[in-house]
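This report concerns only the one structure given below.
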Amino acid sequence: MRAFTRVTGVAVPLDRADVDTDQIIPKQFLKRVERTGFGEFLFFDWRTEPDFVLDRPEFAGAEVLVAERNFGCGSSREHAPWALEDYGFRAVIAPSFADIFRTNCTKIGLLPVQLAEGEVRELMGQLQAQPGARVAVDLEAQTVTAPGGQVYRFEIAPDIRERLLNGWDDISLTLAHEDAIAGYEADREREGPVTTGLAR
Amino acid sequence: MAGRTLFQKVWDAHQVRAADAHGAALLYIDLHLVHEVTSPQAFDGLRLAGRRVRRPDRTLATVDHNVPTIGREDGIADPLSRAQIEALERNCAEFGVPLFSIRSARQGIVHVIGPELGLTQPGMTVVCGDSHTSTHGAFGALAFGIGTSEVEHVLATQTLPQGPPRTMRVRIDGRRGAGVTAKDLILGTIGQLGVSGAQGYVVEYAGSAIRELSMEGRMTVCNMSIEWGARAGMIAPDDTTFAWVEGRPCAPRDYAAAVEGWRQLPTDPDAAFDREEVVDAASLAPMVTWGTTPGMVAPITGRVPTPDDLDDPVDRDATRRALEYMGLRGGEALEDIAIDTVFLGSCTNGRLEDLRAAARVIEGRRVAYGIRAMVVPGSMGVKAAAESEGLDRVFTAAGFEWRDAGCSMCLGMNPDILEPGERCASTSNRNFEGRQGKGGRTHLVSPEMAAAAAITGHLVDVRSLDVDLVNA
Ligand code: SF4
């Protein structure tokens, strides 16, 4: 996983609430069996709208996405963070995120940043007024710096922060506790059900 | 010691490592369900790292999202869908994971076949790379959807790191009126508490209206927990639960002993929740969504809202966008909305009881002229059971198509999709833009309401038809 420390980049104001993962990456692209190449299909249906914000030239090469509340709701498809990351985004800022989406992001090094509703509004306003302005996201300091110089602090679970800062792979971390897993299985694992005995 | 909630009991029993100030708990996973869409990259990850599947005996795979629901004998026409299904077949063979593939009599939607086989049991932890895994919480299991990286994590370790969630109890009390189903209880709950109202919470549904529900109804309620953002939804197991699991292929052998253990699971009377909410079942009518999130919902007797009446600017914008997408005007009566298509199926309402309820409405009637209507049973097991009762004949005589099992038009990954502008009364769970096909317009309803819409050709209050309704 790619480590995240600090990113300063062009930020896109996507002024919509309840952006679901079906919009981020529609189902017709879920048939791929690879993990890469989803970026070009990001927000596929919305990109047919005239003047969709992502396609405006000022926002070329954007690395930060700013959206309204409940971002990433709906389907658990990790293809959504894959598409955002593959497109070039390193961080998403919103007043709230759907839980599964948030977790999926942190597994691949895409940083979900939760700010207060008013802070997001202020940031969104600045980005709409100055298209192409840059925003700094600093995971070490847990701050977002708006184009106007305002500094917003955000919270993140300490273990997730450490994992992202170091780019650690979650499975290796868990396998370091393999003894504890084997111990659980020996002493406390519930009996059944067993799937392997079922006739096909 | 203070009492514990149902959630807390299941959580405690599965901690391999407890959460500490620094990080998440490590939870043991009792059952991992796998399907073709969210697993290929996870198996690739295992191969790359030279890892194996730790517990194939606690893992079960099926194909559901991509499969055709018609003409299976001829194979899968779409090469991409076929490749994805074949990839799952290869992966399961290589890693020793049991699979019900497209020709199996047990194939079906993951969340339908888990309970049907008796795999889903009270007190378990269940995960799947699918957000509607919350369905299994109906049995008093802790069940939640995960992403593909987490699928790989569970395959490799049979555990998952989890931050402790907050807990909420929603009491749904009061007597449901005739024609008010489990689907209406959950749609009404989401409408009342908001489309992201449960974010960060594990929700326990309690109260007399929940107790009275069948297992199928409870699954419908828990299924849609994710539609208001919950990490999971749970219902305490009781005699209804025990009777349902008994005798199924994977039910515990010493059933009496198992039930004895399960009786300890319900929330203790002195246990505390982080939040409590109340919903009045008696005040609910059959519900229908008018917009593009499940929270955009109203009683069928109501009207489409007018954006300018809303105070919150974000709500106003969202409503305006939704009405434009849906091709509706503020103030329109919901009952006046004409439809083109009816979809009866999905992990929300594709079980036997759902098909029975719809069949009662349809029996002796015909699908309205020009309406496309289809039934897609949730599993091949449901299909066979329905056929043995003659339900297939009721549907086909009325003009419904009778299909094989799968997700079908719930998300339209297979050929069952809406055309742009096509309007559908659907028993599924998501009315997002384009969910059932690009430009398609979805109205979420109960099976009875979907059946009534098929007959009349528009959204209609099923209570106004002369039919024998549940709870009448
Ligand atoms: S029926 Fe729909 S919601 Fe359920 S698992 Fe399939 S696609 Fe997902």
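By order of appearance in the structure tokens: chains A, B, ..., then residues from 1 within every chain, and ligands from 1 in the order shown.
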
Listing only residues of chain A within 7 Å of chain B, what is the closest atom pair and its distance in Å (to one decimal) for each, using only C-alpha atoms, sorted by chain and residue number ascending, as a tab-separated table?
residue	atom	partner	partner_atom	distance
A:Ala17	CA	B:Ala318	CA	6.8
A:Asp22	CA	B:Arg435	CA	6.7
A:Lys27	CA	B:Met413	CA	6.1
A:Gln28	CA	B:Met413	CA	6.2
A:Leu30	CA	B:Val37	CA	6.5
A:Lys31	CA	B:Leu80	CA	5.9
A:Val33	CA	B:Pro40	CA	5.4
A:Glu34	CA	B:Gln41	CA	6.0
A:Arg35	CA	B:Gln41	CA	6.0
A:Asn70	CA	B:Ser196	CA	6.4
A:Gly74	CA	B:Glu227	CA	6.7
A:Ser75	CA	B:Ser131	CA	5.4
A:Ser76	CA	B:Ser131	CA	5.0
A:Arg77	CA	B:Gly147	CA	6.0
A:Glu78	CA	B:Gly147	CA	5.2
A:Ala98	CA	B:Gly229	CA	6.2
A:Asp99	CA	B:Gly200	CA	6.5
A:Ile100	CA	B:Ile146	CA	6.3
A:Asn104	CA	B:Gly147	CA	5.7
A:Lys107	CA	B:Ser149	CA	6.5
A:Pro158	CA	B:His22	CA	5.9
A:Asp159	CA	B:Gly23	CA	4.9
A:Ile171	CA	B:His153	CA	5.6
A:Leu175	CA	B:Thr157	CA	6.9
A:Ala180	CA	B:Val16	CA	6.4
A:Ile181	CA	B:Val16	CA	6.2
A:Tyr184	CA	B:Val16	CA	6.1
A:Pro193	CA	B:Leu119	CA	5.9
A:Val194	CA	B:Asp57	CA	5.2
A:Thr195	CA	B:Asp57	CA	5.0
A:Thr196	CA	B:Asp57	CA	4.9
A:Arg200	CA	B:Phe100	CA	6.0

Export of the given selection (N, CA, C and O atoms) as a compact mmCIF listing (two decimals), in the first residue's frame:
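Saved result, out.txt, follows:
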# COMPACT_ATOMS: atom_id res chain seq x y z
N ALA A 17 -24.54 15.66 -2.28
CA ALA A 17 -24.66 14.83 -1.08
C ALA A 17 -25.01 13.40 -1.48
O ALA A 17 -25.50 13.17 -2.59
N ASP A 22 -22.39 3.44 -6.70
CA ASP A 22 -22.89 3.17 -8.05
C ASP A 22 -22.56 4.35 -8.98
O ASP A 22 -22.36 4.17 -10.17
N LYS A 27 -21.96 -0.28 -12.41
CA LYS A 27 -21.80 -1.74 -12.38
C LYS A 27 -21.18 -2.36 -13.61
O LYS A 27 -20.54 -3.39 -13.52
N GLN A 28 -21.34 -1.72 -14.79
CA GLN A 28 -20.82 -2.39 -15.98
C GLN A 28 -19.30 -2.54 -15.94
O GLN A 28 -18.74 -3.33 -16.68
N LEU A 30 -17.72 -3.47 -13.19
CA LEU A 30 -17.39 -4.38 -12.10
C LEU A 30 -17.09 -5.79 -12.59
O LEU A 30 -16.84 -6.68 -11.80
N LYS A 31 -17.14 -5.96 -13.90
CA LYS A 31 -16.89 -7.30 -14.43
C LYS A 31 -15.41 -7.57 -14.62
O LYS A 31 -15.03 -8.68 -14.95
N VAL A 33 -11.64 -8.38 -13.70
CA VAL A 33 -11.09 -9.17 -12.60
C VAL A 33 -9.76 -8.58 -12.12
O VAL A 33 -9.11 -9.13 -11.26
N GLU A 34 -9.38 -7.42 -12.68
CA GLU A 34 -8.14 -6.76 -12.25
C GLU A 34 -8.46 -5.67 -11.23
O GLU A 34 -9.59 -5.26 -11.08
N ARG A 35 -7.40 -5.19 -10.60
CA ARG A 35 -7.55 -4.17 -9.58
C ARG A 35 -7.30 -2.76 -10.16
O ARG A 35 -7.57 -1.77 -9.50
N ASN A 70 -22.31 12.04 3.58
CA ASN A 70 -22.65 10.65 3.26
C ASN A 70 -21.99 10.19 1.97
O ASN A 70 -22.58 9.48 1.18
N GLY A 74 -23.96 3.13 -0.05
CA GLY A 74 -24.42 2.08 -0.95
C GLY A 74 -23.49 0.88 -0.99
O GLY A 74 -22.97 0.46 0.04
N SER A 75 -23.31 0.38 -2.16
CA SER A 75 -22.57 -0.87 -2.40
C SER A 75 -21.18 -0.85 -1.78
O SER A 75 -20.52 0.18 -1.75
N SER A 76 -20.72 -2.02 -1.35
CA SER A 76 -19.41 -2.15 -0.70
C SER A 76 -18.27 -2.19 -1.69
O SER A 76 -17.12 -2.32 -1.30
N ARG A 77 -18.55 -2.10 -2.96
CA ARG A 77 -17.53 -2.28 -4.01
C ARG A 77 -16.27 -1.45 -3.75
O ARG A 77 -16.30 -0.24 -3.70
N GLU A 78 -15.16 -2.14 -3.62
CA GLU A 78 -13.88 -1.45 -3.44
C GLU A 78 -13.43 -0.82 -4.76
O GLU A 78 -12.51 0.00 -4.79
N ALA A 98 -19.79 6.94 4.30
CA ALA A 98 -20.35 5.62 4.63
C ALA A 98 -19.22 4.76 5.17
O ALA A 98 -18.08 4.85 4.72
N ASP A 99 -19.54 3.92 6.16
CA ASP A 99 -18.51 3.17 6.88
C ASP A 99 -17.67 2.25 6.00
O ASP A 99 -16.45 2.20 6.12
N ILE A 100 -18.34 1.46 5.15
CA ILE A 100 -17.58 0.48 4.36
C ILE A 100 -16.65 1.21 3.40
O ILE A 100 -15.49 0.85 3.23
N ASN A 104 -12.66 0.84 3.16
CA ASN A 104 -12.03 0.44 1.90
C ASN A 104 -10.94 1.42 1.48
O ASN A 104 -9.88 1.01 1.00
N LYS A 107 -7.70 0.99 3.28
CA LYS A 107 -6.97 -0.24 2.96
C LYS A 107 -6.06 -0.05 1.75
O LYS A 107 -5.18 -0.86 1.50
N PRO A 158 -5.94 6.19 15.62
CA PRO A 158 -4.47 6.18 15.66
C PRO A 158 -3.84 5.00 14.91
O PRO A 158 -2.81 5.17 14.26
N ASP A 159 -4.47 3.82 14.99
CA ASP A 159 -3.86 2.67 14.31
C ASP A 159 -3.95 2.83 12.79
O ASP A 159 -3.02 2.46 12.06
N ILE A 171 -2.77 -7.36 6.21
CA ILE A 171 -2.74 -8.82 6.40
C ILE A 171 -1.45 -9.23 7.11
O ILE A 171 -1.47 -10.05 8.03
N LEU A 175 -1.19 -11.25 10.55
CA LEU A 175 -0.51 -12.54 10.60
C LEU A 175 0.61 -12.55 11.66
O LEU A 175 1.05 -13.61 12.10
N ALA A 180 -2.23 -16.05 18.21
CA ALA A 180 -3.48 -15.69 18.90
C ALA A 180 -4.68 -16.26 18.13
O ALA A 180 -5.64 -16.73 18.72
N ILE A 181 -4.60 -16.24 16.80
CA ILE A 181 -5.70 -16.80 15.99
C ILE A 181 -5.78 -18.31 16.21
O ILE A 181 -6.86 -18.86 16.46
N TYR A 184 -7.25 -19.01 19.56
CA TYR A 184 -8.71 -18.82 19.56
C TYR A 184 -9.38 -20.05 18.96
O TYR A 184 -10.36 -20.57 19.51
N PRO A 193 -21.13 -23.73 11.64
CA PRO A 193 -21.43 -24.71 10.61
C PRO A 193 -20.24 -24.92 9.66
O PRO A 193 -19.41 -24.04 9.52
N VAL A 194 -20.24 -26.07 9.04
CA VAL A 194 -19.15 -26.43 8.14
C VAL A 194 -19.68 -26.38 6.70
O VAL A 194 -20.68 -27.00 6.39
N THR A 195 -19.01 -25.60 5.88
CA THR A 195 -19.50 -25.44 4.51
C THR A 195 -19.03 -26.55 3.59
O THR A 195 -19.67 -26.83 2.57
N THR A 196 -17.90 -27.16 3.93
CA THR A 196 -17.28 -28.09 2.98
C THR A 196 -18.03 -29.40 2.83
O THR A 196 -17.80 -30.13 1.88
N ARG A 200 -22.87 -30.34 -3.63
CA ARG A 200 -23.02 -29.25 -4.60
C ARG A 200 -24.39 -29.27 -5.26
O ARG A 200 -24.77 -30.13 -5.93

Quick check for you: according to DSSP on this backbone, which residues of stretch 130-358 of chain B are classed as helix (DSSP H, G or I)? Reply as a PyMOL selection string. chain B and resi 131-139+148-157+182-193+208-211+215-228+239-245+255-262+281-283+307-309+313-326+334-336+346-349+352-358

State, in Å with one decimal place, the distance from atom CA of B:Leu193 to atom CA of B:Gly174.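 Pair atom CA of B:Leu193 / atom CA of B:Gly174 returns 17.6 Å.
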
According to DSSP computed on the backbone, where in stretch 163-405 of chain B is there strand (DSSP E)? Give the residues as a PyMOL selection string. chain B and resi 166-173+201-206+232-234+275-280+287-289+297-299+341-345+372-376+401-402

Can you measure atom CA of B:Trp290 to atom CA of B:Asn431 for me? One decimal in Å is fine. 8.8 Å

Interatomic distance between atom CA of B:Met287 and atom CA of B:Arg403?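 Separation of atom CA of B:Met287 and atom CA of B:Arg403: 26.2 Å.
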
B:Ala2 surroundings by only C-alpha atoms, 12 Å radius, close-in-sequence under 6 positions cut, as JSON, numbers by chain: {"B": [8, 267, 268, 269, 270, 271, 272, 273]}

With only C-alpha atoms as the counted atoms, please give the residues lying no more than 8 Å from stretch 442-447 of chain B, apart from itself and same-chain residues fewer than 3 positions off, as number ranges by chain. B: 181, 183-184, 286-292, 294, 344, 349, 354-355, 357-358, 423-432, 436, 450-451

Pick the closest to A:Phe44 from A:Phe154, A:Phe101, A:Phe89, A:Phe29: which is it, counting only C-alpha atoms?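 Among the listed residues, A:Phe29 lies closest to A:Phe44.
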